[in-house]
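Next up, input10.cif (mmCIF, C-alpha atoms):
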data_target
loop_
_atom_site.group_PDB
_atom_site.id
_atom_site.type_symbol
_atom_site.label_atom_id
_atom_site.label_comp_id
_atom_site.auth_asym_id
_atom_site.auth_seq_id
_atom_site.Cartn_x
_atom_site.Cartn_y
_atom_site.Cartn_z
ATOM 1 C CA MET A 1 0.000 0.000 0.000
ATOM 2 C CA GLU A 2 1.338 3.391 -0.961
ATOM 3 C CA GLY A 3 1.581 6.118 1.647
ATOM 4 C CA PRO A 4 0.492 9.659 0.868
ATOM 5 C CA SER A 5 4.055 10.928 0.392
ATOM 6 C CA GLU A 6 5.364 8.123 -1.813
ATOM 7 C CA GLY A 7 6.123 9.301 -5.304
ATOM 8 C CA VAL A 8 5.876 12.995 -4.394
ATOM 9 C CA VAL A 9 8.655 15.103 -5.868
ATOM 10 C CA LEU A 10 9.470 18.552 -4.511
ATOM 11 C CA PHE A 11 11.701 20.803 -6.572
ATOM 12 C CA ASN A 12 14.842 22.085 -4.860
ATOM 13 C CA GLU A 13 13.786 25.667 -5.533
ATOM 14 C CA LEU A 14 10.548 25.126 -3.599
ATOM 15 C CA ILE A 15 12.422 23.589 -0.680
ATOM 16 C CA ASP A 16 14.851 26.518 -0.676
ATOM 17 C CA ILE A 17 11.960 29.003 -0.531
ATOM 18 C CA VAL A 18 10.462 27.217 2.481
ATOM 19 C CA ILE A 19 13.813 26.954 4.262
ATOM 20 C CA ASP A 20 14.677 30.590 3.491
ATOM 21 C CA HIS A 21 11.378 31.617 5.057
ATOM 22 C CA LEU A 22 12.493 29.849 8.262
ATOM 23 C CA HIS A 23 15.942 31.475 8.263
ATOM 24 C CA ASP A 24 15.619 32.845 11.812
ATOM 25 C CA ASP A 25 13.758 29.894 13.385
ATOM 26 C CA LYS A 26 16.629 27.647 14.475
ATOM 27 C CA ASP A 27 14.392 24.943 15.989
ATOM 28 C CA SER A 28 12.417 24.568 12.755
ATOM 29 C CA LEU A 29 15.615 24.543 10.718
ATOM 30 C CA LYS A 30 17.012 21.769 12.915
ATOM 31 C CA SER A 31 13.837 19.748 12.390
ATOM 32 C CA CYS A 32 13.929 20.345 8.639
ATOM 33 C CA SER A 33 17.543 19.188 8.498
ATOM 34 C CA LEU A 34 16.364 15.722 9.599
ATOM 35 C CA VAL A 35 13.835 15.305 6.761
ATOM 36 C CA SER A 36 16.196 14.460 3.894
ATOM 37 C CA SER A 37 19.587 15.363 2.479
ATOM 38 C CA ILE A 38 18.061 18.135 0.347
ATOM 39 C CA PHE A 39 16.377 19.679 3.389
ATOM 40 C CA ARG A 40 19.576 19.180 5.414
ATOM 41 C CA ASN A 41 21.747 21.058 2.935
ATOM 42 C CA SER A 42 19.326 23.975 2.676
ATOM 43 C CA SER A 43 18.865 24.116 6.465
ATOM 44 C CA GLN A 44 22.582 23.996 7.195
ATOM 45 C CA TYR A 45 23.070 27.041 4.990
ATOM 46 C CA HIS A 46 21.239 29.057 7.671
ATOM 47 C CA LEU A 47 22.164 27.026 10.759
ATOM 48 C CA LEU A 48 25.909 27.205 10.192
ATOM 49 C CA GLU A 49 26.317 30.624 8.591
ATOM 50 C CA LYS A 50 27.453 32.191 11.893
ATOM 51 C CA VAL A 51 29.550 30.133 14.288
ATOM 52 C CA ALA A 52 30.454 31.375 17.764
ATOM 53 C CA LEU A 53 33.371 29.691 19.495
ATOM 54 C CA ALA A 54 32.736 30.132 23.207
ATOM 55 C CA GLY A 55 35.444 29.679 25.772
ATOM 56 C CA VAL A 56 38.368 29.766 23.358
ATOM 57 C CA THR A 57 41.250 30.964 25.498
ATOM 58 C CA SER A 58 44.215 30.192 23.306
ATOM 59 C CA ARG A 59 45.379 30.099 19.738
ATOM 60 C CA THR A 60 45.359 26.289 20.018
ATOM 61 C CA GLY A 61 41.575 26.238 20.382
ATOM 62 C CA LEU A 62 41.123 28.305 17.245
ATOM 63 C CA GLU A 63 43.611 26.158 15.363
ATOM 64 C CA ALA A 64 41.701 23.023 16.413
ATOM 65 C CA PHE A 65 38.492 24.522 14.995
ATOM 66 C CA MET A 66 40.218 25.419 11.731
ATOM 67 C CA GLU A 67 41.599 21.874 11.481
ATOM 68 C CA PHE A 68 38.064 20.515 11.990
ATOM 69 C CA VAL A 69 36.752 22.755 9.203
ATOM 70 C CA GLU A 70 39.503 21.609 6.842
ATOM 71 C CA LYS A 71 38.691 17.947 7.551
ATOM 72 C CA SER A 72 34.931 18.544 7.189
ATOM 73 C CA PRO A 73 34.537 20.486 3.951
ATOM 74 C CA ARG A 74 30.748 20.143 4.012
ATOM 75 C CA PHE A 75 30.675 21.960 7.347
ATOM 76 C CA GLY A 76 33.164 24.615 6.307
ATOM 77 C CA HIS A 77 31.253 25.274 3.102
ATOM 78 C CA TYR A 78 28.370 26.813 5.078
ATOM 79 C CA VAL A 79 30.331 28.840 7.660
ATOM 80 C CA ARG A 80 30.578 32.479 6.627
ATOM 81 C CA THR A 81 31.283 34.190 9.966
ATOM 82 C CA VAL A 82 33.295 32.945 12.950
ATOM 83 C CA ARG A 83 33.087 34.865 16.217
ATOM 84 C CA VAL A 84 35.471 33.987 19.022
ATOM 85 C CA VAL A 85 34.015 34.596 22.476
ATOM 86 C CA GLY A 86 36.276 34.014 25.406
ATOM 87 C CA GLU A 87 38.797 35.404 27.785
ATOM 88 C CA GLY A 88 41.541 37.103 25.856
ATOM 89 C CA SER A 89 39.790 36.851 22.495
#

Give the structure from the file, written as structure tokens.
Amino acid sequence: MEGPSEGVVLFNELIDIVIDHLHDDKDSLKSCSLVSSIFRNSSQYHLLEKVALAGVTSRTGLEAFMEFVEKSPRFGHYVRTVRVVGEGS
């Protein structure tokens, strides 16, 4: 028996419009990122655009983050702003 969503095709542009509408609703974006890989990619664009590194107290912490980004190109692709928040930052 076919379910109601089987065989339904949503165009990427339509998904992007929905996700863009939710750009400031982080909880909804997190939920959308679990739906499918298309929803995940569009959601991560907004979820990961600004990254705050809290508690970074040394250059080593920042270097560890940069190493993580280099090893995870999918993550680094979405990050556009990095803010370091911590003592001595």

If you apply the PyMOL selection byres ((chain A and resi 73-76) around 12) to this file, what residues do you get, as a PDB file with C-alpha atoms, keeping the file's coordinate frame?
ATOM      1  CA  ARG A  40      19.576  19.180   5.414  1.00  0.00           C
ATOM      2  CA  ASN A  41      21.747  21.058   2.935  1.00  0.00           C
ATOM      3  CA  GLN A  44      22.582  23.996   7.195  1.00  0.00           C
ATOM      4  CA  TYR A  45      23.070  27.041   4.990  1.00  0.00           C
ATOM      5  CA  HIS A  46      21.239  29.057   7.671  1.00  0.00           C
ATOM      6  CA  LEU A  47      22.164  27.026  10.759  1.00  0.00           C
ATOM      7  CA  LEU A  48      25.909  27.205  10.192  1.00  0.00           C
ATOM      8  CA  GLU A  49      26.317  30.624   8.591  1.00  0.00           C
ATOM      9  CA  LYS A  50      27.453  32.191  11.893  1.00  0.00           C
ATOM     10  CA  VAL A  51      29.550  30.133  14.288  1.00  0.00           C
ATOM     11  CA  PHE A  65      38.492  24.522  14.995  1.00  0.00           C
ATOM     12  CA  MET A  66      40.218  25.419  11.731  1.00  0.00           C
ATOM     13  CA  GLU A  67      41.599  21.874  11.481  1.00  0.00           C
ATOM     14  CA  PHE A  68      38.064  20.515  11.990  1.00  0.00           C
ATOM     15  CA  VAL A  69      36.752  22.755   9.203  1.00  0.00           C
ATOM     16  CA  GLU A  70      39.503  21.609   6.842  1.00  0.00           C
ATOM     17  CA  LYS A  71      38.691  17.947   7.551  1.00  0.00           C
ATOM     18  CA  SER A  72      34.931  18.544   7.189  1.00  0.00           C
ATOM     19  CA  HIS A  77      31.253  25.274   3.102  1.00  0.00           C
ATOM     20  CA  TYR A  78      28.370  26.813   5.078  1.00  0.00           C
ATOM     21  CA  VAL A  79      30.331  28.840   7.660  1.00  0.00           C
ATOM     22  CA  ARG A  80      30.578  32.479   6.627  1.00  0.00           C
ATOM     23  CA  THR A  81      31.283  34.190   9.966  1.00  0.00           C
ATOM     24  CA  VAL A  82      33.295  32.945  12.950  1.00  0.00           C
TER      25      VAL A  82
END

Legend entry - Counting only C-alpha atoms, the option among A:Asp24, A:Ile15, A:Ala64, A:Ala54 closest to Val84 of chain A: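 Checking each candidate against Val84 of chain A, we get A:Ala54 as the closest.
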
Legend entry - Resolved residues for the PyMOL selection byres ((chain A and resi 85) around 8) as a list in words: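 With the PyMOL selection byres ((chain A and resi 85) around 8) on this model, the match is Ala52, Leu53, Ala54, Gly55, Val56, Arg83, Val84, Gly86, Glu87 and Ser89 of chain A.
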
How would the residues just chosen look if you wrote them out with C-alpha atoms as a PDB file, in the frame of the given file?
ATOM      1  CA  ALA A  52      30.454  31.375  17.764  1.00  0.00           C
ATOM      2  CA  LEU A  53      33.371  29.691  19.495  1.00  0.00           C
ATOM      3  CA  ALA A  54      32.736  30.132  23.207  1.00  0.00           C
ATOM      4  CA  GLY A  55      35.444  29.679  25.772  1.00  0.00           C
ATOM      5  CA  VAL A  56      38.368  29.766  23.358  1.00  0.00           C
ATOM      6  CA  ARG A  83      33.087  34.865  16.217  1.00  0.00           C
ATOM      7  CA  VAL A  84      35.471  33.987  19.022  1.00  0.00           C
ATOM      8  CA  GLY A  86      36.276  34.014  25.406  1.00  0.00           C
ATOM      9  CA  GLU A  87      38.797  35.404  27.785  1.00  0.00           C
ATOM     10  CA  SER A  89      39.790  36.851  22.495  1.00  0.00           C
TER      11      SER A  89
END

Inset, instruction - Considering only C-alpha atoms, state which residue in the set A:Ser42, A:Ser58, A:Glu63, A:Glu13 is at the smallest distance from Leu29 of chain A. - result: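 Looking only at the distances to Leu29 of chain A, the closest residue turns out to be A:Ser42.
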
Inset, instruction - Give the answer as one residue: which of A:Ser43, A:Thr57, A:Leu62, A:Ser36 has the shortest atom-to-atom distance to Ile19 of chain A, using all atoms listed in the file? - result: A:Ser43

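Atom CA of Gly61 of chain A is found 29.4 Å from atom CA of Leu34 of chain A.
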
Padding 6 Å on every side, please: axis-aligned box over the listed atoms of segment 73-84 of chain A, centre and edge lengths to one decimal in Å, as AutoDock Vina command-line options.
--center_x 31.9 --center_y 27.5 --center_z 11.1 --size_x 19.1 --size_y 26.7 --size_z 27.9

Reconstruct N, CA, C and O atoms of segment 25-45 of chain A from the incomplete input and present them as an mmCIF file, keeping the file's coordinate frame.
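Saved result, result-v8.cif, follows:
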data_model
loop_
_atom_site.group_PDB
_atom_site.id
_atom_site.type_symbol
_atom_site.label_atom_id
_atom_site.label_comp_id
_atom_site.auth_asym_id
_atom_site.auth_seq_id
_atom_site.Cartn_x
_atom_site.Cartn_y
_atom_site.Cartn_z
ATOM 1 N N ASP A 25 14.395 30.839 12.459
ATOM 2 C CA ASP A 25 13.758 29.894 13.385
ATOM 3 C C ASP A 25 14.638 28.647 13.482
ATOM 4 O O ASP A 25 14.467 27.679 12.761
ATOM 5 N N LYS A 26 15.620 28.713 14.381
ATOM 6 C CA LYS A 26 16.629 27.647 14.475
ATOM 7 C C LYS A 26 16.022 26.277 14.798
ATOM 8 O O LYS A 26 16.460 25.271 14.258
ATOM 9 N N ASP A 27 15.007 26.234 15.647
ATOM 10 C CA ASP A 27 14.392 24.943 15.989
ATOM 11 C C ASP A 27 13.750 24.303 14.764
ATOM 12 O O ASP A 27 13.890 23.103 14.533
ATOM 13 N N SER A 28 13.048 25.099 13.971
ATOM 14 C CA SER A 28 12.417 24.568 12.755
ATOM 15 C C SER A 28 13.472 24.140 11.740
ATOM 16 O O SER A 28 13.320 23.120 11.072
ATOM 17 N N LEU A 29 14.538 24.921 11.633
ATOM 18 C CA LEU A 29 15.615 24.543 10.718
ATOM 19 C C LEU A 29 16.269 23.228 11.131
ATOM 20 O O LEU A 29 16.579 22.386 10.283
ATOM 21 N N LYS A 30 16.444 23.030 12.433
ATOM 22 C CA LYS A 30 17.012 21.769 12.915
ATOM 23 C C LYS A 30 16.095 20.606 12.562
ATOM 24 O O LYS A 30 16.556 19.542 12.145
ATOM 25 N N SER A 31 14.798 20.794 12.732
ATOM 26 C CA SER A 31 13.837 19.748 12.390
ATOM 27 C C SER A 31 13.862 19.468 10.893
ATOM 28 O O SER A 31 13.845 18.310 10.465
ATOM 29 N N CYS A 32 13.900 20.513 10.095
ATOM 30 C CA CYS A 32 13.929 20.345 8.639
ATOM 31 C C CYS A 32 15.191 19.600 8.197
ATOM 32 O O CYS A 32 15.158 18.830 7.241
ATOM 33 N N SER A 33 16.287 19.827 8.893
ATOM 34 C CA SER A 33 17.543 19.188 8.498
ATOM 35 C C SER A 33 17.491 17.668 8.657
ATOM 36 O O SER A 33 18.320 16.956 8.098
ATOM 37 N N LEU A 34 16.502 17.168 9.400
ATOM 38 C CA LEU A 34 16.364 15.722 9.599
ATOM 39 C C LEU A 34 15.453 15.060 8.569
ATOM 40 O O LEU A 34 15.341 13.840 8.533
ATOM 41 N N VAL A 35 14.809 15.845 7.710
ATOM 42 C CA VAL A 35 13.835 15.305 6.761
ATOM 43 C C VAL A 35 14.511 14.516 5.647
ATOM 44 O O VAL A 35 14.137 13.375 5.359
ATOM 45 N N SER A 36 15.487 15.116 4.996
ATOM 46 C CA SER A 36 16.196 14.460 3.894
ATOM 47 C C SER A 36 17.486 15.221 3.635
ATOM 48 O O SER A 36 17.707 16.297 4.197
ATOM 49 N N SER A 37 18.316 14.689 2.752
ATOM 50 C CA SER A 37 19.587 15.363 2.479
ATOM 51 C C SER A 37 19.374 16.717 1.808
ATOM 52 O O SER A 37 20.125 17.662 2.048
ATOM 53 N N ILE A 38 18.341 16.851 0.988
ATOM 54 C CA ILE A 38 18.061 18.135 0.347
ATOM 55 C C ILE A 38 17.660 19.165 1.402
ATOM 56 O O ILE A 38 18.140 20.296 1.398
ATOM 57 N N PHE A 39 16.781 18.777 2.314
ATOM 58 C CA PHE A 39 16.377 19.679 3.389
ATOM 59 C C PHE A 39 17.570 19.985 4.293
ATOM 60 O O PHE A 39 17.725 21.107 4.765
ATOM 61 N N ARG A 40 18.408 18.978 4.551
ATOM 62 C CA ARG A 40 19.576 19.180 5.414
ATOM 63 C C ARG A 40 20.504 20.236 4.833
ATOM 64 O O ARG A 40 20.915 21.162 5.524
ATOM 65 N N ASN A 41 20.827 20.109 3.557
ATOM 66 C CA ASN A 41 21.747 21.058 2.935
ATOM 67 C C ASN A 41 21.201 22.477 2.977
ATOM 68 O O ASN A 41 21.922 23.420 3.299
ATOM 69 N N SER A 42 19.931 22.640 2.659
ATOM 70 C CA SER A 42 19.326 23.975 2.676
ATOM 71 C C SER A 42 19.245 24.536 4.095
ATOM 72 O O SER A 42 19.441 25.735 4.315
ATOM 73 N N SER A 43 18.954 23.675 5.070
ATOM 74 C CA SER A 43 18.865 24.116 6.465
ATOM 75 C C SER A 43 20.229 24.503 7.006
ATOM 76 O O SER A 43 20.366 25.505 7.714
ATOM 77 N N GLN A 44 21.243 23.713 6.688
ATOM 78 C CA GLN A 44 22.582 23.996 7.195
ATOM 79 C C GLN A 44 23.120 25.320 6.683
ATOM 80 O O GLN A 44 23.924 25.962 7.345
ATOM 81 N N TYR A 45 22.659 25.740 5.526
ATOM 82 C CA TYR A 45 23.070 27.041 4.990
ATOM 83 C C TYR A 45 22.777 28.145 6.013
ATOM 84 O O TYR A 45 23.581 29.044 6.220
#
